[in-house]
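Right, one structure below, let's go through it.
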Amino acid sequence: MKEVKGLIGLGIVTVVLLSGYLLYGVMSRENEETKFTHSIEAIQHAESVHDFSIDTINTVILQHGHEALHMKKEERWKVQGIHPDKINNRVLQQLLDGMIGLRAEKQIDTYDNLEDYGFSNPPITIHFSLENDIQQTTYVGQLTMDGRHYYVKQASEKSIFLVAAPSIDELFALKSKVMLSNIPHMDANNITSIKIEKNHGHPIHIQMNPVIDEDKASFGIGVFSIIDYYEQPRDVDFDAFDRLRDKVMDINKCEYYSHGEDNDMNDRLSEPPLTLTIRVEHGEEDIVLYISKNENTGLTYIKRKGYPDIYGLNTFDMAYFLGLTHYDLMNKYLKIVYIDQVNHICIKTPDKTYGFDIDTTNNQYRLEQAGKRNVIVEEKTFKNLYQQLIGITVDAEISDEETIDAKEVFSIEYDMFDGESIRLGFEAYDDLYYRYREGHIQLICSTKQFEKILWTMENMLKD
């Protein structure tokens with residue numbers, strides 16, 4: 001009985017303590033929230049923060065951090081530092097309308113400290129110079145705790161307004177687009193060619209094939225090819241190209257930085273570590289971009305060939321481009337030949353020759369080891385072998401201008417219905433790899449792939 005009473009007593013104490021804790025927590029939150037919300041009044045109909053129109057304005061200065069945009073009304077609105085022909089007048093008008101037309105959804109009339117709302121060092125200041133020499137300054141403070149509004153205050157008024165966050169965020173977006181860019185906005189789906197040139201090494205040039213093989217395209221290859229490097233154009237890997245294209249698309253985020261007055265930037269861009277040449281469908285000319293990075297600030301400078309303006313970008317992945325190789329972009333299948341185009345295959349090693357006669361119309365496949373055995377192979381068995389042949393992959397690439405005298409140890413020759421032939425010859429690279437030559441390029445393939453092909457054919461001949 002004593003134990004039961006003890007448990008009841010302990011339970012009561014626990015409930016009291018827990019209730020006190022919860023009450024304290026609620027009161028603490030209320031006190032914290034009261035600091036910002038006790039005097040907030042909802043405005044039934046959103047009202048304008050400003051009581052003047054664009055017709056009464058002479059100049060506007062939009063200060064965002066250390067950057068300022070000076071706008072002056074003349075016959076047409078002008079922007080300091082930007083040639084009139086370079087001003088995007090539609091965007092400029094949207095920006096002016098957005099600043100003047102800020103609307104308050106809530107209002108705070110009683111508060112203790114302006115610092116609590118971000119006004120000690122406001123991220124945005126808008127200064128209006130009106131007719132009759134009237135000056136008016138508007139401050140944009142910090143976001144509310146729920147992220148739905150910014151605190152906004154006029155310098156001459158006591159009240160603090162809550163303005164919907166999207167209308168302030170739109171000012172940031174419009175500000176960066178006031179100047180017409182010399183670098184056109186690129187659509188990822190319209191790119192037809194990308195050329196990457198660095199201070200050293202062979203340029204990487206990929207372009208869309210004029211005729212796209214739908215069968216290849218269904219496997220994510222055959223849309224783009226690497227040209228001007230291998231003896232024959234080689235397919236670009238689909239995923240690798242997607243990544244490259246995404247990196248190029250980052251350029252769309254660049255912002256105007258300078259009209260070319262900065263000698264340091266001009267020096268960097270006169271011999272840039274990276275040059276990108278991009279061609280887009282229906283484009284009048286190639287877009288040639290000189291790109292350099294300031295390692296101290298992390299800012300990437302971008303300048304279009306033939307134009308003085310310099311643009312800045314913080315998110316550009318310079319290291320990716322400088323480290324990129326042809327091999328990174330290359331589809332790793334050595335050679336894909338479609339079976340419906342082939343009527344005979346010859347496979348040779350130093351001591352054996354194998355031949356396949358292919359009749360896809362009647363689904364007949366005959367394998368012969370020269371001078372010894374021949375068998376009719378089932379379609380499923382043959383296609384398994386064919387997958388191994390066209391599935392030979394490249395494990396590495398070596399660029400070597402030297403001529404190496406080496407004998408072939410394995411070859412595959414496809415005779416086509418159109419009378420053409422495709423021959424792949426392999427030399428021993430070492431005990432683990434064979435080498436396939438593409439001019440001065442050596443493509444290295446694991447010997448295990450070839451051992452499996454021989455093993456498969458020998459098993460066919462046994463059955």
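Quick note on naming: the chains in the structure tokens go A, B, ... in the order shown, residues restart at 1 in each chain, and ligands are numbered from 1 in order of appearance.
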Segment 122-231 of chain A residues near segment 279-295 of chain A within 12 Å, closest pair each, using only C-alpha atoms, as JSON lines:
```
{"residue": "A:Asn182", "atom": "CA", "partner": "A:Ile287", "partner_atom": "CA", "distance": 9.6}
{"residue": "A:Ile183", "atom": "CA", "partner": "A:Ile287", "partner_atom": "CA", "distance": 7.6}
{"residue": "A:Pro184", "atom": "CA", "partner": "A:Ile287", "partner_atom": "CA", "distance": 8.3}
{"residue": "A:His185", "atom": "CA", "partner": "A:Val280", "partner_atom": "CA", "distance": 10.5}
{"residue": "A:Met186", "atom": "CA", "partner": "A:Val280", "partner_atom": "CA", "distance": 7.6}
{"residue": "A:Asp187", "atom": "CA", "partner": "A:Val280", "partner_atom": "CA", "distance": 8.1}
{"residue": "A:Ala188", "atom": "CA", "partner": "A:Val280", "partner_atom": "CA", "distance": 8.8}
{"residue": "A:Asn189", "atom": "CA", "partner": "A:Val280", "partner_atom": "CA", "distance": 8.8}
{"residue": "A:Asn190", "atom": "CA", "partner": "A:Glu281", "partner_atom": "CA", "distance": 5.2}
{"residue": "A:Ile191", "atom": "CA", "partner": "A:Val280", "partner_atom": "CA", "distance": 4.3}
{"residue": "A:Thr192", "atom": "CA", "partner": "A:Val280", "partner_atom": "CA", "distance": 5.3}
{"residue": "A:Ser193", "atom": "CA", "partner": "A:Arg279", "partner_atom": "CA", "distance": 5.0}
{"residue": "A:Ile194", "atom": "CA", "partner": "A:Arg279", "partner_atom": "CA", "distance": 6.6}
{"residue": "A:Lys195", "atom": "CA", "partner": "A:Arg279", "partner_atom": "CA", "distance": 8.8}
{"residue": "A:Ile196", "atom": "CA", "partner": "A:Leu289", "partner_atom": "CA", "distance": 10.0}
{"residue": "A:Glu197", "atom": "CA", "partner": "A:Tyr290", "partner_atom": "CA", "distance": 9.8}
{"residue": "A:Lys198", "atom": "CA", "partner": "A:Ile291", "partner_atom": "CA", "distance": 10.0}
{"residue": "A:Asn199", "atom": "CA", "partner": "A:Ser292", "partner_atom": "CA", "distance": 11.4}
{"residue": "A:His205", "atom": "CA", "partner": "A:Arg279", "partner_atom": "CA", "distance": 11.3}
{"residue": "A:Ile206", "atom": "CA", "partner": "A:Arg279", "partner_atom": "CA", "distance": 10.5}
{"residue": "A:Gln207", "atom": "CA", "partner": "A:Arg279", "partner_atom": "CA", "distance": 8.9}
{"residue": "A:Met208", "atom": "CA", "partner": "A:Arg279", "partner_atom": "CA", "distance": 10.1}
```
Inset, instruction - May I have the residues within 8 Å of Tyr256 of chain A as a VMD selection string, using only C-alpha atoms and disregarding those fewer than 5 positions away in the same chain? - result: chain A and resid 176 179 181 309 to 312
Serialized selection, N, CA and C atoms, as a short mmCIF file (atom, residue, chain, number, x, y, z; two decimals), in the first residue's frame:
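Below is the file that was written, out_14.cif:
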```cif
data_model
loop_
_atom_site.label_atom_id
_atom_site.label_comp_id
_atom_site.auth_asym_id
_atom_site.auth_seq_id
_atom_site.Cartn_x
_atom_site.Cartn_y
_atom_site.Cartn_z
N SER A 176 19.36 42.50 -61.92
CA SER A 176 20.46 41.86 -62.65
C SER A 176 20.19 41.77 -64.15
N MET A 179 20.55 45.42 -67.75
CA MET A 179 21.44 45.59 -68.89
C MET A 179 21.28 44.42 -69.86
N SER A 181 22.37 41.73 -72.11
CA SER A 181 23.62 40.99 -72.05
C SER A 181 24.16 40.72 -73.45
N ASP A 309 32.33 44.24 -72.62
CA ASP A 309 31.73 44.03 -71.31
C ASP A 309 32.19 42.72 -70.68
N ILE A 310 32.37 42.77 -69.37
CA ILE A 310 32.80 41.61 -68.59
C ILE A 310 31.69 41.24 -67.62
N TYR A 311 31.45 39.96 -67.51
CA TYR A 311 30.40 39.45 -66.63
C TYR A 311 31.03 38.61 -65.53
N GLY A 312 30.32 38.52 -64.42
CA GLY A 312 30.82 37.77 -63.28
C GLY A 312 29.89 36.63 -62.92
#
```
Legend entry - Contacts of segment 451-455 of chain A within 9 Å, only C-alpha atoms, excl. fewer than 3 positions in-chain, as a PyMOL selection string: chain A and resi 385+388-389+447-448+458-460
Inset, instruction - For Asp359 of chain A, please output as a PyMOL selection string all residues within 10 Å (counting only C-alpha atoms; exclusion window: fewer than 3 positions along the same chain). - result: chain A and resi 340+342-344+356+362-366
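If you measure from each of A:Ile422, A:Ala240, A:Met249, A:Ile61 to Tyr338 of chain A using only C-alpha atoms, the closest one turns out to be A:Ile422.
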Would you list the contacts of Tyr429 of chain A as a short mmCIF file (atom, residue, chain, number, x, y, z; two decimals) with N, CA and C atoms, in the first residue's frame, taking every protein, DNA or RNA residue within 12 Å and counting only C-alpha atoms, but skipping same-chain residues closer than 2 positions in sequence?
```cif
data_model
loop_
_atom_site.label_atom_id
_atom_site.label_comp_id
_atom_site.auth_asym_id
_atom_site.auth_seq_id
_atom_site.Cartn_x
_atom_site.Cartn_y
_atom_site.Cartn_z
N ALA A 396 40.70 2.57 -70.55
CA ALA A 396 41.61 3.71 -70.39
C ALA A 396 41.99 4.22 -71.78
N GLU A 397 42.60 5.40 -71.78
CA GLU A 397 43.05 6.02 -73.03
C GLU A 397 44.45 6.56 -72.82
N ILE A 398 45.31 6.34 -73.81
CA ILE A 398 46.68 6.84 -73.75
C ILE A 398 46.96 7.60 -75.04
N ILE A 404 54.69 2.35 -82.23
CA ILE A 404 55.13 1.15 -81.51
C ILE A 404 54.94 -0.04 -82.43
N ASP A 405 55.99 -0.79 -82.64
CA ASP A 405 55.93 -1.97 -83.50
C ASP A 405 55.42 -3.15 -82.68
N ALA A 406 54.15 -3.47 -82.86
CA ALA A 406 53.55 -4.57 -82.09
C ALA A 406 52.64 -5.38 -83.00
N LYS A 407 52.58 -6.68 -82.75
CA LYS A 407 51.76 -7.57 -83.57
C LYS A 407 50.35 -7.68 -83.01
N GLU A 408 49.44 -7.89 -83.93
CA GLU A 408 48.06 -8.10 -83.51
C GLU A 408 47.91 -9.45 -82.81
N VAL A 409 47.08 -9.46 -81.78
CA VAL A 409 46.81 -10.72 -81.07
C VAL A 409 45.33 -11.08 -81.14
N PHE A 410 44.53 -10.16 -81.66
CA PHE A 410 43.09 -10.42 -81.75
C PHE A 410 42.51 -9.44 -82.76
N PHE A 426 43.62 -5.60 -82.46
CA PHE A 426 44.09 -5.37 -81.09
C PHE A 426 45.50 -5.92 -80.92
N GLU A 427 46.32 -5.16 -80.21
CA GLU A 427 47.68 -5.57 -79.89
C GLU A 427 47.78 -5.79 -78.38
N ASP A 431 50.04 -7.91 -69.86
CA ASP A 431 49.39 -9.20 -69.60
C ASP A 431 47.89 -9.05 -69.34
N LEU A 432 47.45 -7.88 -68.98
CA LEU A 432 46.06 -7.70 -68.58
C LEU A 432 45.22 -6.92 -69.60
N TYR A 433 45.90 -6.24 -70.54
CA TYR A 433 45.15 -5.37 -71.44
C TYR A 433 45.62 -5.51 -72.88
N TYR A 434 44.66 -5.29 -73.79
CA TYR A 434 44.95 -5.13 -75.21
C TYR A 434 44.82 -3.64 -75.54
N ARG A 435 45.45 -3.29 -76.68
CA ARG A 435 45.39 -1.90 -77.11
C ARG A 435 44.77 -1.85 -78.51
N TYR A 436 43.87 -0.88 -78.70
CA TYR A 436 43.27 -0.61 -80.00
C TYR A 436 43.71 0.79 -80.41
N ARG A 437 44.25 0.92 -81.62
CA ARG A 437 44.81 2.20 -82.05
C ARG A 437 43.77 3.05 -82.77
N GLN A 442 45.71 5.50 -78.06
CA GLN A 442 45.59 4.07 -77.75
C GLN A 442 44.43 3.88 -76.79
N LEU A 443 43.47 3.06 -77.20
CA LEU A 443 42.34 2.73 -76.34
C LEU A 443 42.62 1.37 -75.71
N ILE A 444 42.61 1.33 -74.40
CA ILE A 444 43.04 0.15 -73.65
C ILE A 444 41.81 -0.64 -73.19
N CYS A 445 41.80 -1.95 -73.50
CA CYS A 445 40.66 -2.82 -73.18
C CYS A 445 41.14 -4.05 -72.41
N SER A 446 40.39 -4.45 -71.41
CA SER A 446 40.75 -5.60 -70.60
C SER A 446 40.74 -6.88 -71.41
N THR A 447 41.76 -7.73 -71.23
CA THR A 447 41.85 -9.00 -71.96
C THR A 447 40.74 -9.97 -71.54
#
```
Inset, instruction - Name the residues in contact with Tyr414 of chain A at a cut-off of 9 Å, using only C-alpha atoms, excluding same-chain residues fewer than 2 positions from it; report them as a PyMOL selection string. - result: chain A and resi 337+342-347+412+416+420-424
Inset, instruction - Can you pull out every residue within 8 Å of Ile226 of chain A, counting only C-alpha atoms, but drop anything in the same chain fewer than 2 positions away, and send it as a PyMOL selection string? - result: chain A and resi 204-207+224+228-230+233-236+326+330
Legend entry - Residue among A:Thr456, A:Ser48, A:Ser53, A:Asn252 lying closest to Phe128 of chain A, counting only C-alpha atoms: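 Once distances to Phe128 of chain A are computed over only C-alpha atoms, the minimum belongs to A:Ser53.
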Legend entry - Residue set, segment 41-284 of chain A restricted to strand (DSSP E), as a PyMOL selection string: chain A and resi 41-48+57-64+67-73+77-79+103-108+124-130+135-143+149-154+160-164+191-198+204-208+224-227+234-235+255-258+274-280
Inset, instruction - Name the closest residue to Leu274 of chain A among the candidates A:Phe450, A:His200, A:Cys254, A:Leu244; distances are taken between atoms, counting only C-alpha atoms. - result: A:His200
Inset, instruction - Would you work out the distance separating atom CA of Asn88 of chain A from atom CA of His127 of chain A, expressed in Å to one decimal? - result: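 Between atom CA of Asn88 of chain A and atom CA of His127 of chain A the gap is 21.3 Å.
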Legend entry - Counting only C-alpha atoms, the residue of A:Thr349, A:Thr361, A:Thr393, A:Thr275 that sits nearest Lys332 of chain A: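 Of A:Thr349, A:Thr361, A:Thr393, A:Thr275, the one nearest Lys332 of chain A, counting only C-alpha atoms, is A:Thr393.
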Inset, instruction - Rank nothing, just name the residue among A:Leu130, A:Leu171, A:Ala104, A:Leu114 nearest to His64 of chain A, using only C-alpha atoms. - result: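 Under the stated criterion, the closest residue is A:Leu171.
Ranking A:Ile221, A:Ile227, A:Ile124, A:Ile100 by their shortest atom-to-atom distance to Gly65 of chain A, with only C-alpha atoms included, puts A:Ile124 first.
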